[in-house]
>>> print(open('target09.cif').read())   # mmCIF, C-alpha atoms
data_input
#
loop_
_atom_site.label_atom_id
_atom_site.label_comp_id
_atom_site.auth_asym_id
_atom_site.auth_seq_id
_atom_site.Cartn_x
_atom_site.Cartn_y
_atom_site.Cartn_z
CA MET K 1 -10.01 -92.04 53.41
CA LYS K 2 -9.19 -89.91 50.37
CA GLN K 3 -12.88 -88.96 50.04
CA LEU K 4 -12.98 -88.00 53.70
CA LYS K 5 -9.92 -85.78 53.24
CA TYR K 6 -11.59 -83.91 50.36
CA LEU K 7 -14.76 -83.52 52.38
CA PHE K 8 -12.90 -82.38 55.48
CA PHE K 9 -11.10 -79.47 53.85
CA PRO K 10 -14.21 -77.58 52.60
CA VAL K 11 -15.89 -78.11 55.96
CA LEU K 12 -12.81 -76.73 57.69
CA MET K 13 -12.85 -73.67 55.44
CA ILE K 14 -16.52 -73.05 56.32
CA VAL K 15 -15.69 -73.27 60.01
CA PHE K 16 -12.82 -70.77 59.62
CA ALA K 17 -15.08 -68.43 57.64
CA THR K 18 -17.75 -68.62 60.32
CA LEU K 19 -15.24 -67.91 63.07
CA SER K 20 -13.80 -65.02 61.07
CA SER K 21 -17.30 -63.62 60.61
CA CYS K 22 -17.93 -63.86 64.36
CA GLY K 23 -14.64 -62.14 65.02
CA ASN K 24 -15.66 -59.21 62.84
CA ILE K 25 -19.18 -58.88 64.25
CA LYS K 26 -18.12 -55.89 66.36
CA ASN K 27 -17.42 -54.04 63.10
CA SER K 28 -20.59 -55.26 61.40
CA LYS K 29 -24.17 -54.00 61.36
CA TYR K 30 -25.02 -56.14 64.39
CA ILE K 31 -25.45 -54.08 67.58
CA THR K 32 -26.15 -55.57 71.01
CA ILE K 33 -27.87 -53.45 73.65
CA GLY K 34 -28.20 -54.63 77.25
CA MET K 35 -31.57 -53.98 78.88
CA VAL K 36 -33.00 -54.52 82.36
CA ASP K 37 -36.47 -55.91 81.75
CA GLY K 38 -38.99 -54.30 84.11
CA TRP K 39 -37.24 -50.91 84.16
CA ALA K 40 -39.84 -48.91 82.25
CA GLU K 41 -37.53 -46.12 81.10
CA ASP K 42 -34.74 -48.51 80.05
CA VAL K 43 -37.16 -50.73 78.12
CA ALA K 44 -38.71 -47.70 76.40
CA MET K 45 -35.44 -46.00 75.43
CA THR K 46 -33.87 -49.26 74.25
CA HIS K 47 -36.81 -50.07 71.99
CA VAL K 48 -36.79 -46.55 70.56
CA ALA K 49 -33.06 -46.83 69.82
CA LYS K 50 -33.66 -50.21 68.20
CA ALA K 51 -36.47 -48.81 66.03
CA ILE K 52 -34.23 -45.97 64.82
CA LEU K 53 -31.21 -48.17 64.16
CA ASP K 54 -33.35 -50.78 62.38
CA GLN K 55 -34.38 -48.01 59.98
CA GLN K 56 -30.70 -47.20 59.42
CA GLY K 57 -29.96 -50.77 58.37
CA TYR K 58 -28.56 -52.13 61.62
CA HIS K 59 -29.57 -55.40 63.26
CA VAL K 60 -30.14 -54.65 66.94
CA ILE K 61 -30.13 -57.50 69.43
CA ILE K 62 -31.56 -56.73 72.88
CA GLN K 63 -29.93 -58.71 75.68
CA LYS K 64 -32.02 -58.85 78.86
CA ALA K 65 -30.01 -59.11 82.08
CA SER K 66 -29.28 -57.43 85.40
CA THR K 67 -27.22 -54.23 85.60
CA ASP K 68 -24.21 -56.10 86.98
CA MET K 69 -24.31 -58.70 84.21
CA ILE K 70 -24.68 -56.08 81.48
CA LEU K 71 -21.75 -54.01 82.75
CA ALA K 72 -19.57 -57.12 83.04
CA SER K 73 -20.56 -58.23 79.54
CA MET K 74 -19.65 -54.80 78.13
CA ASN K 75 -16.35 -54.95 79.97
CA ASN K 76 -15.69 -58.27 78.20
CA GLU K 77 -16.58 -56.59 74.86
CA ASP K 78 -19.54 -58.99 74.45
CA THR K 79 -22.28 -56.34 74.72
CA ASP K 80 -22.06 -53.02 72.90
CA LEU K 81 -24.24 -50.64 74.91
CA PHE K 82 -26.36 -50.04 77.98
CA MET K 83 -28.76 -47.07 78.11
CA GLY K 84 -29.76 -47.41 81.76
CA VAL K 85 -26.79 -46.17 83.84
CA TRP K 86 -27.97 -43.87 86.67
CA LEU K 87 -25.40 -41.39 87.96
CA PRO K 88 -23.98 -39.88 90.11
CA TYR K 89 -25.51 -42.04 92.86
CA THR K 90 -27.41 -45.23 91.98
CA HIS K 91 -24.86 -47.04 89.81
CA ALA K 92 -21.65 -45.25 90.79
CA LYS K 93 -20.19 -48.19 92.74
CA LYS K 94 -21.20 -50.72 90.10
CA LEU K 95 -19.66 -48.63 87.31
CA ALA K 96 -16.45 -48.04 89.27
CA LYS K 97 -15.66 -51.76 88.91
CA PHE K 98 -15.32 -51.28 85.14
CA PRO K 99 -13.26 -48.10 84.55
CA GLU K 100 -12.64 -48.86 80.87
CA LEU K 101 -16.30 -48.55 79.88
CA MET K 102 -16.96 -45.44 77.81
CA HIS K 103 -19.57 -42.76 78.47
CA LEU K 104 -21.44 -41.86 75.27
CA GLY K 105 -24.19 -39.49 76.34
CA THR K 106 -26.90 -38.42 78.76
CA ASN K 107 -30.39 -39.66 77.85
CA TYR K 108 -32.36 -37.91 80.60
CA ASN K 109 -31.52 -35.30 83.24
CA ASN K 110 -34.21 -35.42 85.90
CA GLY K 111 -34.01 -38.92 87.29
CA ARG K 112 -34.88 -39.52 90.92
CA ILE K 113 -35.02 -42.51 93.25
CA GLY K 114 -36.41 -42.84 96.75
CA LEU K 115 -39.34 -43.96 98.87
CA VAL K 116 -42.78 -43.34 97.38
CA VAL K 117 -46.29 -43.32 98.84
CA PRO K 118 -49.77 -42.61 97.41
CA GLU K 119 -50.76 -38.93 97.70
CA TYR K 120 -53.62 -39.73 100.11
CA ILE K 121 -51.18 -40.84 102.83
CA PRO K 122 -50.47 -37.92 105.23
CA VAL K 123 -46.75 -38.62 105.48
CA HIS K 124 -44.23 -36.32 103.77
CA SER K 125 -40.76 -37.37 104.96
CA ILE K 126 -38.84 -40.58 105.54
CA GLU K 127 -38.28 -39.31 109.07
CA GLU K 128 -42.02 -39.67 109.75
CA LEU K 129 -42.27 -43.35 108.83
CA ASN K 130 -41.54 -44.70 112.31
CA GLN K 131 -44.57 -42.84 113.64
CA HIS K 132 -46.82 -44.91 111.35
CA GLN K 133 -45.14 -48.32 111.17
CA ASN K 134 -48.27 -50.19 112.18
CA GLN K 135 -50.18 -48.70 109.25
CA PHE K 136 -47.31 -49.65 106.93
CA SER K 137 -47.06 -53.14 108.48
CA HIS K 138 -43.36 -52.46 109.16
CA THR K 139 -42.58 -53.12 105.48
CA ILE K 140 -41.19 -51.29 102.47
CA ILE K 141 -42.00 -52.94 99.15
CA GLY K 142 -38.81 -53.02 97.11
CA ILE K 143 -37.76 -54.28 93.69
CA GLU K 144 -35.10 -56.80 92.64
CA LYS K 145 -32.23 -57.69 94.96
CA GLY K 146 -28.96 -56.29 93.65
CA ALA K 147 -30.54 -53.14 92.19
CA GLY K 148 -28.98 -49.81 93.17
CA LEU K 149 -32.37 -48.69 94.48
CA THR K 150 -32.51 -51.77 96.71
CA THR K 151 -29.11 -50.93 98.19
CA GLY K 152 -30.22 -47.34 98.72
CA THR K 153 -33.38 -48.48 100.50
CA ASP K 154 -31.38 -50.71 102.86
CA LYS K 155 -29.14 -47.74 103.59
CA ALA K 156 -32.16 -45.51 104.28
CA ILE K 157 -33.55 -48.08 106.73
CA ALA K 158 -30.23 -47.99 108.59
CA GLU K 159 -29.65 -44.21 108.42
CA TYR K 160 -33.15 -43.28 109.56
CA LYS K 161 -33.29 -46.21 112.03
CA LEU K 162 -36.57 -47.36 110.53
CA ASP K 163 -38.48 -50.16 112.19
CA SER K 164 -39.12 -51.62 108.75
CA LYS K 165 -38.04 -54.51 106.58
CA GLN K 166 -37.59 -54.25 102.83
CA ILE K 167 -39.49 -56.94 100.92
CA ASN K 168 -37.81 -57.68 97.58
CA SER K 169 -39.27 -59.51 94.62
CA SER K 170 -39.50 -57.71 91.28
CA THR K 171 -40.49 -54.36 89.80
CA ILE K 172 -43.71 -55.89 88.46
CA ALA K 173 -44.58 -57.30 91.89
CA MET K 174 -43.90 -53.91 93.53
CA ILE K 175 -46.22 -52.11 91.11
CA THR K 176 -48.94 -54.74 91.57
CA GLU K 177 -48.77 -54.31 95.36
CA LEU K 178 -48.94 -50.53 94.91
CA GLN K 179 -51.94 -50.67 92.58
CA ASN K 180 -53.81 -53.07 94.86
CA ALA K 181 -53.15 -50.89 97.93
CA ILE K 182 -54.38 -47.76 96.13
CA GLN K 183 -57.60 -49.51 95.06
CA ARG K 184 -58.26 -50.30 98.73
CA LYS K 185 -56.96 -46.94 100.04
CA GLN K 186 -54.42 -48.83 102.16
CA TRP K 187 -51.13 -47.52 103.51
CA ILE K 188 -48.08 -48.58 101.53
CA VAL K 189 -44.53 -47.34 100.96
CA VAL K 190 -42.48 -48.57 98.00
CA ALA K 191 -39.01 -48.08 96.55
CA GLY K 192 -39.62 -46.14 93.36
CA TRP K 193 -38.04 -43.97 90.71
CA GLN K 194 -38.83 -41.37 88.13
CA PRO K 195 -39.15 -41.34 85.15
CA HIS K 196 -41.76 -44.11 85.32
CA TRP K 197 -45.24 -44.49 83.88
CA MET K 198 -46.68 -45.16 87.35
CA PHE K 199 -46.41 -41.42 88.15
CA GLY K 200 -48.65 -40.69 85.16
CA LYS K 201 -51.12 -43.44 86.01
CA MET K 202 -51.29 -43.07 89.82
CA LYS K 203 -51.22 -40.11 92.20
CA LEU K 204 -47.92 -40.61 94.01
CA LYS K 205 -45.31 -38.56 95.87
CA PHE K 206 -41.70 -39.03 96.93
CA LEU K 207 -41.02 -38.79 100.65
CA ASP K 208 -38.55 -36.04 101.54
CA ASP K 209 -35.06 -37.35 102.21
CA PRO K 210 -33.38 -34.74 104.45
CA LYS K 211 -30.28 -36.92 104.94
CA LYS K 212 -29.90 -37.25 101.13
CA VAL K 213 -29.47 -41.01 101.41
CA PHE K 214 -30.88 -41.41 97.90
CA GLY K 215 -28.94 -38.43 96.57
CA GLU K 216 -30.52 -35.67 94.51
CA ALA K 217 -31.29 -35.37 90.79
CA GLU K 218 -29.72 -38.11 88.70
CA GLN K 219 -28.90 -38.46 85.05
CA ILE K 220 -29.59 -41.55 82.98
CA LYS K 221 -26.64 -42.25 80.71
CA THR K 222 -25.52 -44.53 77.92
CA TYR K 223 -22.24 -46.41 78.37
CA ALA K 224 -20.48 -48.64 75.85
CA ARG K 225 -17.68 -51.16 75.61
CA LYS K 226 -14.30 -49.48 75.33
CA SER K 227 -13.83 -50.08 71.58
CA PHE K 228 -17.35 -49.14 70.51
CA SER K 229 -16.59 -45.55 69.44
CA LYS K 230 -13.68 -46.77 67.33
CA ASP K 231 -15.75 -49.53 65.72
CA HIS K 232 -18.88 -47.40 65.23
CA PRO K 233 -18.06 -43.67 65.30
CA GLU K 234 -21.36 -42.81 63.61
CA LEU K 235 -23.33 -44.60 66.34
CA ALA K 236 -21.24 -43.05 69.09
CA THR K 237 -22.34 -39.66 67.72
CA PHE K 238 -25.98 -40.78 67.57
CA PHE K 239 -26.01 -41.94 71.20
CA SER K 240 -24.26 -38.76 72.31
CA ASN K 241 -27.11 -36.78 70.67
CA LEU K 242 -29.98 -38.95 71.94
CA HIS K 243 -31.77 -37.10 74.76
CA PHE K 244 -35.29 -37.06 76.21
CA ASN K 245 -36.89 -34.16 78.06
CA ASP K 246 -39.64 -34.53 80.66
CA GLU K 247 -42.45 -34.12 78.12
CA ASN K 248 -41.36 -36.63 75.50
CA MET K 249 -40.13 -39.11 78.12
CA SER K 250 -43.52 -39.04 79.88
CA ASP K 251 -45.31 -39.42 76.54
CA LEU K 252 -43.14 -42.39 75.57
CA LEU K 253 -43.52 -44.17 78.91
CA MET K 254 -47.31 -43.90 78.93
CA LYS K 255 -47.57 -45.18 75.36
CA MET K 256 -45.28 -48.11 76.15
CA GLU K 257 -47.22 -48.99 79.30
CA TYR K 258 -50.49 -49.35 77.38
CA SER K 259 -48.81 -51.19 74.51
CA LYS K 260 -49.20 -54.88 73.76
CA ASN K 261 -46.35 -54.73 71.22
CA LYS K 262 -43.43 -52.61 72.42
CA GLU K 263 -41.50 -52.86 69.16
CA ALA K 264 -44.48 -51.62 67.15
CA THR K 265 -45.18 -48.84 69.67
CA ALA K 266 -41.55 -47.69 69.60
CA LYS K 267 -41.58 -47.68 65.80
CA LYS K 268 -44.77 -45.55 65.77
CA TRP K 269 -43.30 -43.17 68.38
CA VAL K 270 -40.20 -42.73 66.21
CA GLU K 271 -42.40 -41.94 63.18
CA ASP K 272 -44.40 -39.41 65.20
CA HIS K 273 -41.22 -37.69 66.44
CA ALA K 274 -39.31 -37.60 63.16
CA ASP K 275 -37.94 -34.08 63.74
CA LEU K 276 -36.45 -35.06 67.08
CA VAL K 277 -35.01 -38.29 65.69
CA ASN K 278 -33.42 -36.38 62.79
CA VAL K 279 -31.65 -34.14 65.30
CA TRP K 280 -30.30 -37.25 67.03
CA LEU K 281 -29.15 -38.57 63.64
CA ASN K 282 -27.53 -35.22 62.71
CA LYS K 283 -29.92 -34.90 59.76
CA LYS K 284 -31.11 -31.43 60.83
#
>>> encode(input="target09.cif", output="structure tokens")
Amino acid sequence: MKQLKYLFFPVLMIVFATLSSCGNIKNSKYITIGMVDGWAEDVAMTHVAKAILDQQGYHVIIQKASTDMILASMNNEDTDLFMGVWLPYTHAKKLAKFPELMHLGTNYNNGRIGLVVPEYIPVHSIEELNQHQNQFSHTIIGIEKGAGLTTGTDKAIAEYKLDSKQINSSTIAMITELQNAIQRKQWIVVAGWQPHWMFGKMKLKFLDDPKKVFGEAEQIKTYARKSFSKDHPELATFFSNLHFNDENMSDLLMKMEYSKNKEATAKKWVEDHADLVNVWLNKK
């Protein structure tokens, strides 16, 4: 029993040390970034941020989840950041549930969501869809259930009284359907967004939205848990500086799309854009 007592005490001290270390992880070099896998721009920006922070000596952990789960995790102080918040329309209601989350910066200014068709289809407005429902098979190919774009598409179906049903699966499935339809010159309408590599790879167009159901130009923003700026003021400054324009966003998305190793591609992109990265890091 005496031997057990001597063994127990060191083990207990190790446990306390481990717990203490976990408790201080928010102030350590470990950074957790939420990411929605399948969102091309979120995946690209997150990997670029990781590549930069890795160079600065941080250990970045990417947590893949839905928007709702990421926001809730940040609200619980379990996830540090999310770079994929679309405002003022797509994620406004989701974000309103967590008023203590902190806005750090705007990553991209010219975001857009809506209904998208191949350029060869002679339809230009959502209002025209009912005239061609047989060609479209009375369907709109959507993305994941629960996405802001999915909610917007359901609203558009109701507002425009479309004789259509939204088919939801995943972003990858939507793009596959789109690519297959284009190869066969078939009629298809999908729920899409920009920035996305598919606009660089395929000839596509947004349908006009005269009722503004999908809103107008959106910004993609980074939000953080409420204590992040206090724990990491230097990183709060970095994320407030991080910003992509149309040219470098398009370049990044196309490189990531053709990449078999996103971490390596992001690292190379960071090396090739050292001047821009130094501005983000306040080194120039």
>>> closest_residue(input="target09.cif", among="K:His124, K:Lys283, K:Lys64, K:Lys255", to="K:Phe82", atoms="only C-alpha atoms")
K:Lys64
>>> residues_near_point(input="target09.cif", point="(-25.4, -41.1, 66.7)", cutoff="10 Å", atoms="all atoms listed in the file", output="list of chain:residue names")
K:Leu53, K:Leu104, K:Gly105, K:His232, K:Pro233, K:Glu234, K:Leu235, K:Ala236, K:Thr237, K:Phe238, K:Phe239, K:Ser240, K:Asn241, K:Leu242, K:Val279, K:Trp280, K:Leu281, K:Asn282
>>> closest_residue(input="target09.cif", among="K:Lys29, K:His273, K:Lys185, K:His138", to="K:Gly57", atoms="only C-alpha atoms")
K:Lys29
>>> residues_around(input="target09.cif", residues="K:Glu77", least_positions_apart="6", cutoff="10 Å", atoms="all atoms listed in the file", output="list of chain:residue names")
K:Lys26, K:Leu71, K:Leu101, K:Ala224, K:Arg225, K:Lys226, K:Ser227, K:Phe228
>>> resolve_selection(input="target09.cif", expression="the PyMOL selection byres ((chain K and resi 118-122) around 6)", output="list in words")
Val117, Val123, Lys203, Leu204 and Lys205 of chain K
>>> write_last_selection(input="target09.cif", atoms="C-alpha atoms", output="PDB file, keeping the file's coordinate frame")
ATOM      1  CA  VAL K 117     -46.290 -43.320  98.840  1.00  0.00           C
ATOM      2  CA  VAL K 123     -46.750 -38.620 105.480  1.00  0.00           C
ATOM      3  CA  LYS K 203     -51.220 -40.110  92.200  1.00  0.00           C
ATOM      4  CA  LEU K 204     -47.920 -40.610  94.010  1.00  0.00           C
ATOM      5  CA  LYS K 205     -45.310 -38.560  95.870  1.00  0.00           C
TER       6      LYS K 205
END
>>> closest_residue(input="target09.cif", among="K:Ile140, K:Ile31, K:Leu115, K:Leu252", to="K:Asp78", atoms="only C-alpha atoms")
K:Ile31
>>> closest_residue(input="target09.cif", among="K:Gly84, K:Gly192, K:Gly142, K:Gly34", to="K:Phe214", atoms="only C-alpha atoms")
K:Gly192
>>> resolve_selection(input="target09.cif", expression="the PyMOL selection byres ((chain K and resi 109) around 10)", output="list in words")
Trp86, Leu87, Thr106, Asn107, Tyr108, Asn110, Gly111, Arg112, Pro195, Ala217, Glu218, Gln219, Ile220, Lys221, His243, Phe244, Asn245 and Asp246 of chain K
